$ cat input-v1.pdb   # PDB, C-alpha atoms (C1' of nucleotides)
ATOM      1  CA  MET J   1     101.358  96.501  99.035
ATOM      2  CA  PRO J   2     102.724  99.997  99.104
ATOM      3  CA  GLU J   3     106.160  99.232  97.674
ATOM      4  CA  LEU J   4     109.113 101.500  96.965
ATOM      5  CA  PRO J   5     107.395 103.819  94.445
ATOM      6  CA  GLU J   6     104.296 104.297  96.595
ATOM      7  CA  VAL J   7     106.308 104.844  99.777
ATOM      8  CA  GLU J   8     108.613 107.298  97.990
ATOM      9  CA  VAL J   9     105.572 109.250  96.728
ATOM     10  CA  VAL J  10     104.445 109.536 100.349
ATOM     11  CA  ARG J  11     107.939 110.495 101.528
ATOM     12  CA  ARG J  12     108.100 113.347  99.012
ATOM     13  CA  GLY J  13     104.686 114.580 100.101
ATOM     14  CA  LEU J  14     105.738 114.597 103.749
ATOM     15  CA  ASP J  15     109.097 116.166 102.918
ATOM     16  CA  ALA J  16     107.338 119.077 101.234
ATOM     17  CA  TYR J  17     105.384 119.934 104.376
ATOM     18  CA  LEU J  18     106.899 118.594 107.611
ATOM     19  CA  PRO J  19     110.518 119.792 107.938
ATOM     20  CA  GLY J  20     110.713 122.928 110.038
ATOM     21  CA  ARG J  21     107.445 122.218 111.849
ATOM     22  CA  SER J  22     106.904 121.034 115.419
ATOM     23  CA  ILE J  23     104.685 118.317 116.840
ATOM     24  CA  ALA J  24     102.164 119.938 119.161
ATOM     25  CA  GLY J  25     100.288 116.815 120.171
ATOM     26  CA  VAL J  26      99.638 113.165 119.402
ATOM     27  CA  SER J  27      96.428 111.141 119.741
ATOM     28  CA  VAL J  28      96.585 107.356 119.563
ATOM     29  CA  LEU J  29      93.195 106.153 118.332
ATOM     30  CA  HIS J  30      94.103 102.457 117.930
ATOM     31  CA  ALA J  31      96.641 100.743 120.188
ATOM     32  CA  ARG J  32      97.769  98.231 117.557
ATOM     33  CA  ALA J  33      99.136 101.075 115.431
ATOM     34  CA  ILE J  34     101.833 101.760 118.059
ATOM     35  CA  ARG J  35     102.517  98.126 119.049
ATOM     36  CA  ARG J  36     106.228  98.603 118.298
ATOM     37  CA  GLN J  37     106.439 101.715 120.504
ATOM     38  CA  ARG J  38     108.447 101.080 123.670
ATOM     39  CA  GLY J  39     106.456 102.346 126.623
ATOM     40  CA  GLY J  40     103.224 102.693 124.681
ATOM     41  CA  ALA J  41     101.193 105.828 123.972
ATOM     42  CA  ARG J  42     102.443 107.637 127.043
ATOM     43  CA  ALA J  43     106.083 107.232 125.998
ATOM     44  CA  LEU J  44     105.324 108.225 122.410
ATOM     45  CA  ALA J  45     103.749 111.484 123.541
ATOM     46  CA  ALA J  46     106.503 112.168 126.073
ATOM     47  CA  GLU J  47     109.139 111.748 123.381
ATOM     48  CA  ILE J  48     107.719 113.671 120.479
ATOM     49  CA  VAL J  49     105.342 116.348 121.761
ATOM     50  CA  GLY J  50     107.256 119.576 121.380
ATOM     51  CA  ALA J  51     109.807 117.965 119.053
ATOM     52  CA  HIS J  52     111.044 119.734 115.954
ATOM     53  CA  ILE J  53     110.886 117.843 112.642
ATOM     54  CA  GLU J  54     114.100 118.090 110.634
ATOM     55  CA  THR J  55     113.996 115.616 107.725
ATOM     56  CA  VAL J  56     111.899 112.814 106.208
ATOM     57  CA  SER J  57     113.893 109.735 105.126
ATOM     58  CA  ARG J  58     113.243 106.292 103.700
ATOM     59  CA  ARG J  59     114.950 102.884 103.606
ATOM     60  CA  GLY J  60     113.026 100.348 101.557
ATOM     61  CA  LYS J  61     109.411 100.561 102.696
ATOM     62  CA  TYR J  62     110.271 102.217 106.024
ATOM     63  CA  LEU J  63     109.823 105.963 106.476
ATOM     64  CA  TRP J  64     111.085 108.052 109.353
ATOM     65  CA  CYS J  65     111.253 111.652 110.467
ATOM     66  CA  VAL J  66     114.392 112.811 112.210
ATOM     67  CA  VAL J  67     113.026 114.786 115.144
ATOM     68  CA  ARG J  68     114.809 116.801 117.819
ATOM     69  CA  PRO J  69     112.948 116.755 121.150
ATOM     70  CA  ARG J  70     114.604 119.993 122.384
ATOM     71  CA  SER J  71     117.121 122.253 120.770
ATOM     72  CA  GLY J  72     120.573 120.872 121.476
ATOM     73  CA  SER J  73     119.227 117.398 122.323
ATOM     74  CA  GLU J  74     120.132 114.234 120.420
ATOM     75  CA  PRO J  75     117.936 113.583 117.369
ATOM     76  CA  ARG J  76     115.483 110.659 117.431
ATOM     77  CA  ALA J  77     113.591 108.810 114.722
ATOM     78  CA  LEU J  78     109.818 108.784 114.376
ATOM     79  CA  VAL J  79     109.465 105.619 112.288
ATOM     80  CA  MET J  80     106.421 104.943 110.118
ATOM     81  CA  HIS J  81     105.531 101.819 108.131
ATOM     82  CA  LEU J  82     102.458 101.594 105.908
ATOM     83  CA  GLY J  83     102.143  97.819 106.068
ATOM     84  CA  MET J  84      99.723  96.938 103.325
ATOM     85  CA  SER J  85      96.939  99.468 103.818
ATOM     86  CA  GLY J  86      98.564 102.358 105.686
ATOM     87  CA  GLN J  87      98.277 105.981 104.579
ATOM     88  CA  LEU J  88      99.965 109.146 105.794
ATOM     89  CA  LEU J  89      97.657 112.053 105.091
ATOM     90  CA  LEU J  90      97.934 115.813 105.566
ATOM     91  CA  PRO J  91      94.296 116.917 105.618
ATOM     92  CA  ALA J  92      93.181 120.452 106.418
ATOM     93  CA  LEU J  93      92.227 120.940 110.064
ATOM     94  CA  SER J  94      88.550 121.294 109.163
ATOM     95  CA  THR J  95      88.371 117.781 107.681
ATOM     96  CA  GLY J  96      87.325 116.129 110.947
ATOM     97  CA  THR J  97      87.876 112.513 111.981
ATOM     98  CA  LEU J  98      89.109 110.151 109.274
ATOM     99  CA  ARG J  99      87.774 106.622 108.834
ATOM    100  CA  HIS J 100      90.377 104.112 110.049
ATOM    101  CA  GLY J 101      92.406 106.944 111.520
ATOM    102  CA  ARG J 102      94.869 105.335 113.964
ATOM    103  CA  VAL J 103      97.232 108.120 115.071
ATOM    104  CA  LYS J 104      96.831 111.877 114.708
ATOM    105  CA  PHE J 105      99.748 114.283 115.039
ATOM    106  CA  SER J 106      98.905 117.939 115.632
ATOM    107  CA  LEU J 107     101.398 120.336 114.097
ATOM    108  CA  ASN J 108     100.324 123.858 115.069
ATOM    109  CA  ALA J 109      99.742 124.450 111.359
ATOM    110  CA  ASP J 110      96.949 124.475 108.797
ATOM    111  CA  ARG J 111      97.111 120.670 108.482
ATOM    112  CA  ASP J 112      97.386 117.670 110.793
ATOM    113  CA  LEU J 113      99.379 114.535 110.055
ATOM    114  CA  TRP J 114      97.232 111.381 110.177
ATOM    115  CA  PHE J 115      98.284 107.760 110.139
ATOM    116  CA  VAL J 116      95.311 105.893 108.649
ATOM    117  CA  ASP J 117      95.315 102.102 108.288
ATOM    118  CA  GLN J 118      92.393  99.826 107.518
ATOM    119  CA  ARG J 119      94.121  96.471 108.053
ATOM    120  CA  THR J 120      96.478  97.588 110.840
ATOM    121  CA  PHE J 121      99.618  95.888 109.534
ATOM    122  CA  GLY J 122     101.440  99.200 109.635
ATOM    123  CA  GLY J 123     102.399 101.382 112.545
ATOM    124  CA  VAL J 124     104.446 104.241 114.009
ATOM    125  CA  TYR J 125     107.014 104.332 116.818
ATOM    126  CA  THR J 126     110.080 106.168 118.016
ATOM    127  CA  ASP J 127     113.556 104.699 117.809
ATOM    128  CA  ASP J 128     117.255 105.427 118.303
ATOM    129  CA  LEU J 129     119.225 106.718 115.334
ATOM    130  CA  VAL J 130     122.435 104.844 114.542
ATOM    131  CA  ALA J 131     125.134 105.385 111.910
ATOM    132  CA  ASP J 132     124.592 103.574 108.618
ATOM    133  CA  ASP J 133     127.309 101.949 106.469
ATOM    134  CA  GLN J 134     128.044 105.154 104.576
ATOM    135  CA  HIS J 135     127.732 108.705 105.888
ATOM    136  CA  GLY J 136     124.174 108.898 107.169
ATOM    137  CA  SER J 137     122.008 107.493 109.938
ATOM    138  CA  LEU J 138     118.965 105.267 110.253
ATOM    139  CA  PRO J 139     116.700 103.896 113.001
ATOM    140  CA  SER J 140     118.209 100.874 114.753
ATOM    141  CA  SER J 141     115.096  98.822 113.952
ATOM    142  CA  VAL J 142     115.721  99.447 110.238
ATOM    143  CA  GLU J 143     119.382  98.400 110.232
ATOM    144  CA  HIS J 144     118.600  94.970 108.806
ATOM    145  CA  ILE J 145     116.864  96.454 105.748
ATOM    146  CA  ALA J 146     119.096  96.485 102.660
ATOM    147  CA  ARG J 147     119.428  99.483 100.352
ATOM    148  CA  ASP J 148     117.006  99.608  97.444
ATOM    149  CA  PRO J 149     118.041  99.369  93.750
ATOM    150  CA  LEU J 150     117.439 103.103  93.199
ATOM    151  CA  ASP J 151     119.701 104.066  96.111
ATOM    152  CA  PRO J 152     122.976 105.625  94.809
ATOM    153  CA  ASP J 153     124.852 103.549  97.413
ATOM    154  CA  PHE J 154     123.239 100.258  96.335
ATOM    155  CA  ASP J 155     126.081  97.759  95.830
ATOM    156  CA  GLU J 156     125.183  95.886  92.656
ATOM    157  CA  ARG J 157     128.186  93.551  92.704
ATOM    158  CA  ALA J 158     127.574  92.483  96.294
ATOM    159  CA  PHE J 159     123.873  92.006  95.548
ATOM    160  CA  SER J 160     124.607  89.800  92.538
ATOM    161  CA  ARG J 161     127.087  87.703  94.515
ATOM    162  CA  ASP J 162     124.784  87.294  97.551
ATOM    163  CA  LEU J 163     121.707  86.610  95.423
ATOM    164  CA  ARG J 164     123.371  83.810  93.453
ATOM    165  CA  ARG J 165     124.479  82.177  96.715
ATOM    166  CA  ARG J 166     120.910  81.929  97.944
ATOM    167  CA  GLY J 167     119.502  78.429  98.103
ATOM    168  CA  THR J 168     116.015  79.492  97.122
ATOM    169  CA  GLY J 169     113.931  80.734  94.189
ATOM    170  CA  ILE J 170     114.389  84.145  92.603
ATOM    171  CA  LYS J 171     111.104  85.691  93.739
ATOM    172  CA  ARG J 172     111.604  84.717  97.384
ATOM    173  CA  ALA J 173     114.995  86.425  97.193
ATOM    174  CA  LEU J 174     113.582  89.562  95.570
ATOM    175  CA  LEU J 175     111.011  89.832  98.360
ATOM    176  CA  ASP J 176     113.658  89.440 101.093
ATOM    177  CA  GLN J 177     114.115  92.995 102.364
ATOM    178  CA  SER J 178     117.446  92.128 103.992
ATOM    179  CA  LEU J 179     118.896  91.304 100.556
ATOM    180  CA  VAL J 180     117.341  94.105  98.506
ATOM    181  CA  SER J 181     114.585  96.397  99.735
ATOM    182  CA  GLY J 182     111.521  98.096  98.335
ATOM    183  CA  ILE J 183     110.311  95.212  96.172
ATOM    184  CA  GLY J 184     106.923  93.644  96.986
ATOM    185  CA  ASN J 185     104.602  91.286  95.169
ATOM    186  CA  ILE J 186     103.622  93.720  92.387
ATOM    187  CA  TYR J 187     107.061  94.868  91.283
ATOM    188  CA  ALA J 188     108.568  91.405  91.755
ATOM    189  CA  ASP J 189     106.042  89.973  89.289
ATOM    190  CA  GLU J 190     106.458  92.896  86.887
ATOM    191  CA  SER J 191     110.258  92.652  86.943
ATOM    192  CA  LEU J 192     110.230  88.886  86.417
ATOM    193  CA  TRP J 193     107.782  89.233  83.512
ATOM    194  CA  ARG J 194     110.065  91.809  81.882
ATOM    195  CA  THR J 195     113.083  89.542  82.417
ATOM    196  CA  ARG J 196     111.132  86.489  81.174
ATOM    197  CA  VAL J 197     112.089  84.517  84.283
ATOM    198  CA  HIS J 198     109.905  82.129  86.295
ATOM    199  CA  TYR J 199     109.434  83.014  89.992
ATOM    200  CA  ASP J 200     110.827  79.662  91.163
ATOM    201  CA  LYS J 201     114.023  79.745  89.115
ATOM    202  CA  PRO J 202     116.779  78.821  91.572
ATOM    203  CA  CYS J 203     118.961  81.843  92.390
ATOM    204  CA  ALA J 204     122.111  79.798  91.823
ATOM    205  CA  THR J 205     121.160  79.184  88.168
ATOM    206  CA  LEU J 206     121.099  82.904  87.286
ATOM    207  CA  SER J 207     124.162  84.245  85.512
ATOM    208  CA  ALA J 208     125.691  87.563  86.515
ATOM    209  CA  ALA J 209     124.435  88.940  83.211
ATOM    210  CA  GLN J 210     120.880  87.793  83.964
ATOM    211  CA  VAL J 211     121.012  89.423  87.390
ATOM    212  CA  ARG J 212     122.195  92.657  85.765
ATOM    213  CA  GLU J 213     119.365  92.535  83.264
ATOM    214  CA  MET J 214     116.806  91.778  85.954
ATOM    215  CA  LEU J 215     118.086  94.643  88.073
ATOM    216  CA  ASP J 216     117.729  96.988  85.102
ATOM    217  CA  HIS J 217     114.095  95.906  84.777
ATOM    218  CA  VAL J 218     113.516  96.335  88.507
ATOM    219  CA  ARG J 219     114.859  99.883  88.295
ATOM    220  CA  ASP J 220     112.894 100.673  85.137
ATOM    221  CA  VAL J 221     109.550  99.446  86.416
ATOM    222  CA  MET J 222     109.923 101.187  89.772
ATOM    223  CA  SER J 223     111.084 104.441  88.169
ATOM    224  CA  GLN J 224     108.173 104.384  85.744
ATOM    225  CA  ALA J 225     105.729 103.746  88.586
ATOM    226  CA  LEU J 226     107.255 106.590  90.583
ATOM    227  CA  ASP J 227     106.846 108.936  87.610
ATOM    228  CA  GLN J 228     103.139 108.074  87.529
ATOM    229  CA  GLY J 229     102.600 108.576  91.240
ATOM    230  CA  GLY J 230     102.628 104.885  92.115
ATOM    231  CA  THR J 231     100.254 101.968  91.575
ATOM    232  CA  SER J 232      96.675 101.974  92.848
ATOM    233  CA  PHE J 233      94.135  99.186  92.615
ATOM    234  CA  ASP J 234      91.668 100.801  94.944
ATOM    235  CA  SER J 235      91.563 103.804  97.228
ATOM    236  CA  LEU J 236      94.130 102.319  99.631
ATOM    237  CA  TYR J 237      97.340 103.494  97.984
ATOM    238  CA  VAL J 238      97.333 107.248  97.963
ATOM    239  CA  ASN J 239      99.663 110.183  98.427
ATOM    240  CA  VAL J 240      99.499 112.611 101.349
ATOM    241  CA  ASN J 241      96.583 114.397  99.659
ATOM    242  CA  GLY J 242      94.593 111.172  99.234
ATOM    243  CA  GLU J 243      95.197 110.970  95.483
ATOM    244  CA  SER J 244      95.846 107.706  93.598
ATOM    245  CA  GLY J 245      98.672 107.007  91.175
ATOM    246  CA  TYR J 246      98.157 105.731  87.659
ATOM    247  CA  PHE J 247     100.684 102.945  87.227
ATOM    248  CA  ASP J 248      98.080 100.170  87.539
ATOM    249  CA  ARG J 249      97.207 100.922  83.905
ATOM    250  CA  SER J 250     100.769 100.009  82.940
ATOM    251  CA  LEU J 251     101.028  96.642  84.711
ATOM    252  CA  ASP J 252     101.918  93.730  82.437
ATOM    253  CA  ALA J 253     101.539  90.759  84.789
ATOM    254  CA  TYR J 254     100.234  91.567  88.270
ATOM    255  CA  GLY J 255      96.450  91.268  88.559
ATOM    256  CA  ARG J 256      96.046  90.246  84.891
ATOM    257  CA  GLU J 257      94.859  86.633  85.351
ATOM    258  CA  ASN J 258      93.376  85.218  82.108
ATOM    259  CA  GLN J 259      94.249  88.378  80.176
ATOM    260  CA  PRO J 260      96.605  88.063  77.183
ATOM    261  CA  CYS J 261     100.340  88.528  77.719
ATOM    262  CA  ARG J 262     101.253  91.827  76.056
ATOM    263  CA  ARG J 263     104.242  90.104  74.381
ATOM    264  CA  CYS J 264     102.879  86.790  73.123
ATOM    265  CA  GLY J 265      99.127  86.778  73.744
ATOM    266  CA  THR J 266      99.129  83.715  76.027
ATOM    267  CA  ALA J 267      96.748  84.028  78.991
ATOM    268  CA  ILE J 268      98.483  85.225  82.165
ATOM    269  CA  ARG J 269      98.238  82.706  85.002
ATOM    270  CA  ARG J 270      97.730  83.290  88.702
ATOM    271  CA  GLU J 271      99.379  80.668  90.886
ATOM    272  CA  PRO J 272      99.587  80.264  94.678
ATOM    273  CA  PHE J 273     102.959  81.351  96.034
ATOM    274  CA  MET J 274     103.956  81.888  99.674
ATOM    275  CA  ASN J 275     100.287  82.060 100.713
ATOM    276  CA  ARG J 276      99.856  84.803  98.122
ATOM    277  CA  SER J 277      99.599  84.910  94.343
ATOM    278  CA  SER J 278     102.131  85.044  91.570
ATOM    279  CA  TYR J 279     101.241  86.187  88.083
ATOM    280  CA  ARG J 280     103.273  85.028  85.104
ATOM    281  CA  CYS J 281     103.061  84.318  81.408
ATOM    282  CA  PRO J 282     103.295  80.517  81.065
ATOM    283  CA  ARG J 283     105.005  80.882  77.693
ATOM    284  CA  CYS J 284     107.478  83.715  78.340
ATOM    285  CA  GLN J 285     108.285  82.544  81.869
ATOM    286  CA  ARG J 286     108.694  78.760  81.659
ATOM    287  CA  ALA J 287     108.853  76.653  84.808
ATOM    288  CA  PRO J 288     112.440  75.751  85.713
ATOM    289  CA  ARG J 289     113.495  72.237  84.812
ATOM    290  CA  GLN J 290     114.621  71.504  88.338
ATOM    291  CA  GLN J 291     112.242  72.841  90.983
ATOM    292  CA  VAL J 292     113.638  74.371  94.156
TER     293      VAL J 292
ATOM    294  C1'  DC M   1     123.444  80.989 109.854
ATOM    295  C1'  DT M   2     119.451  79.920 106.013
ATOM    296  C1'  DC M   3     114.938  78.781 104.698
ATOM    297  C1'  DA M   4     109.828  77.881 105.020
ATOM    298  C1'  DT M   5     105.609  78.625 107.251
ATOM    299  C1'  DG M   6     101.901  80.713 109.949
ATOM    300  C1'  DC M   7      99.999  84.576 111.966
ATOM    301  C1'  DC M   8      98.356  89.285 112.572
ATOM    302  C1'  DC M   9      94.077  92.316 110.627
ATOM    303  C1'  DT M  10      89.665  94.330 108.081
ATOM    304  C1'  DG M  11      86.751  95.030 104.159
ATOM    305  C1'  DC M  12      85.212  93.494 100.001
ATOM    306  C1'  DT M  13      83.534  89.928  96.725
ATOM    307  C1'  DG M  14      81.345  85.837  95.089
ATOM    308  C1'  DG M  15      78.882  81.555  95.770
ATOM    309  C1'  DC M  16      74.924  79.368  97.666
TER     310       DC M  16
ATOM    311  C1'  DT E   1      68.728  88.710 101.852
ATOM    312  C1'  DG E   2      72.264  86.751 104.810
ATOM    313  C1'  DC E   3      76.111  84.003 105.733
ATOM    314  C1'  DC E   4      80.658  82.386 105.103
ATOM    315  C1'  DA E   5      84.961  81.323 102.634
ATOM    316  C1'  DG E   6      88.498  83.364 100.159
ATOM    317  C1'  DC E   7      91.499  87.030  99.140
ATOM    318  C1'  DA E   8      94.519  91.138  99.536
ATOM    319  C1'  DG E   9     100.057  90.688 101.920
ATOM    320  C1'  DG E  10     104.599  93.129 104.854
ATOM    321  C1'  DG E  11     107.112  91.808 108.504
ATOM    322  C1'  DC E  12     108.162  89.118 112.157
ATOM    323  C1'  DA E  13     108.314  84.945 115.327
ATOM    324  C1'  DT E  14     109.208  80.321 115.275
ATOM    325  C1'  DG E  15     110.919  75.843 114.153
ATOM    326  C1'  DA E  16     113.537  72.797 111.223
TER     327       DA E  16
END

$ encode --input "input-v1.pdb" --output "structure tokens"
Amino acid sequence: MPELPEVEVVRRGLDAYLPGRSIAGVSVLHARAIRRQRGGARALAAEIVGAHIETVSRRGKYLWCVVRPRSGSEPRALVMHLGMSGQLLLPALSTGTLRHGRVKFSLNADRDLWFVDQRTFGGVYTDDLVADDQHGSLPSSVEHIARDPLDPDFDERAFSRDLRRRGTGIKRALLDQSLVSGIGNIYADESLWRTRVHYDKPCATLSAAQVREMLDHVRDVMSQALDQGGTSFDSLYVNVNGESGYFDRSLDAYGRENQPCRRCGTAIRREPFMNRSSYRCPRCQRAPRQQV
DNA sequence: CTCATGCCCTGCTGGC
DNA sequence: TGCCAGCAGGGCATGA
């Protein structure tokens, strides 16, 4: 559920504190949180204790710190994913143990870095850094994640071409992180409501102009959410200081079942979709004539 | 290769 | 009051 705006809020919070600091210790409090770590807790500690943190980066919903184990050594990635309930918090040392705390990083500073995750879909692990398609680097496990629509290197023409070749519905495509990243259920529904398009509209039936318009809405809604510190329905989606964003007050479709569409007044509908829910206005977003 | 589905997990809510 | 079903859903494995 943390999508691009929420993850970027967290990235900025980490970027304001972590670079220049060193990792003095790591405590794994829940094994599932490091299930993607090769070699388990022992290997994680061996790799990052004593490492120097250089930068905090993001690709889609993945975050990573570039860390250097020893001066002069090759940099590594400390990858972090929030899943749907993960938090990265920088509490003062005196705060004590956090509920649902899964991994604690000691920093030899006035704060620790905690990975907290109620539903344990997220996790942290180390990974190799490889060159990306431009001039930077990214963890090898993140190579399959596409750039997001706010990324300056996002290739809009290639996206439009690839999207319209997909043999599936538009929302499935928007949620496919290997086609375009950072979009989850909330911002997919919001973008489709703004574009007045039904979630099952076949990708092949979208014109290039429609894709352009939809992409503009995707960028607008995510930028607006970012400006308001992200979306929060409950206490799960918070910045590094545990504070919620305010964008949930601005949602037009997501979570508004039976409430009037802000354009036409028709009651918003919630419908099952991919074992989840889709919210749409039945009048503004008509079902496609030919189902996928 | 593309596409669809099921699973992982915990806490909260609503019905009976 | 307690119990249980349903729901929240990102990413990945698997099978068609």

$ closest_residue --input "input-v1.pdb" --among "J:Ile34, J:Leu206, J:Val240, J:Met84" --to "DC9 of chain M" --atoms "all atoms listed in the file"
J:Met84

$ resolve_selection --input "input-v1.pdb" --expression "the PyMOL selection byres ((chain J) within 7 of (chain M))" --output "list in words"
Gln118, Arg119, Thr120 and Phe121 of chain J

$ atom_distance --input "input-v1.pdb" --atom1 "atom CA of Ala92 of chain J" --atom2 "atom CA of Arg35 of chain J"
27.3 Å

$ atom_distance --input "input-v1.pdb" --atom1 "atom CA of Ser277 of chain J" --atom2 "atom CA of Tyr254 of chain J"
9.0 Å

$ resolve_selection --input "input-v1.pdb" --expression "the PyMOL selection byres ((chain E) within 10 of (chain J))" --output "list of chain:residue names"
E:DC7, E:DA8, E:DG9, E:DG10, E:DG11

$ atom_distance --input "input-v1.pdb" --atom1 "atom CA of His135 of chain J" --atom2 "atom CA of Asp153 of chain J"
10.3 Å

$ residues_around --input "input-v1.pdb" --residues "Asp110 of chain J" --least-positions-apart "4" --cutoff "10 Å" --atoms "all atoms listed in the file" --output "list in words"
Leu90, Pro91, Ala92, Leu93, Ser94 and Ser106 of chain J
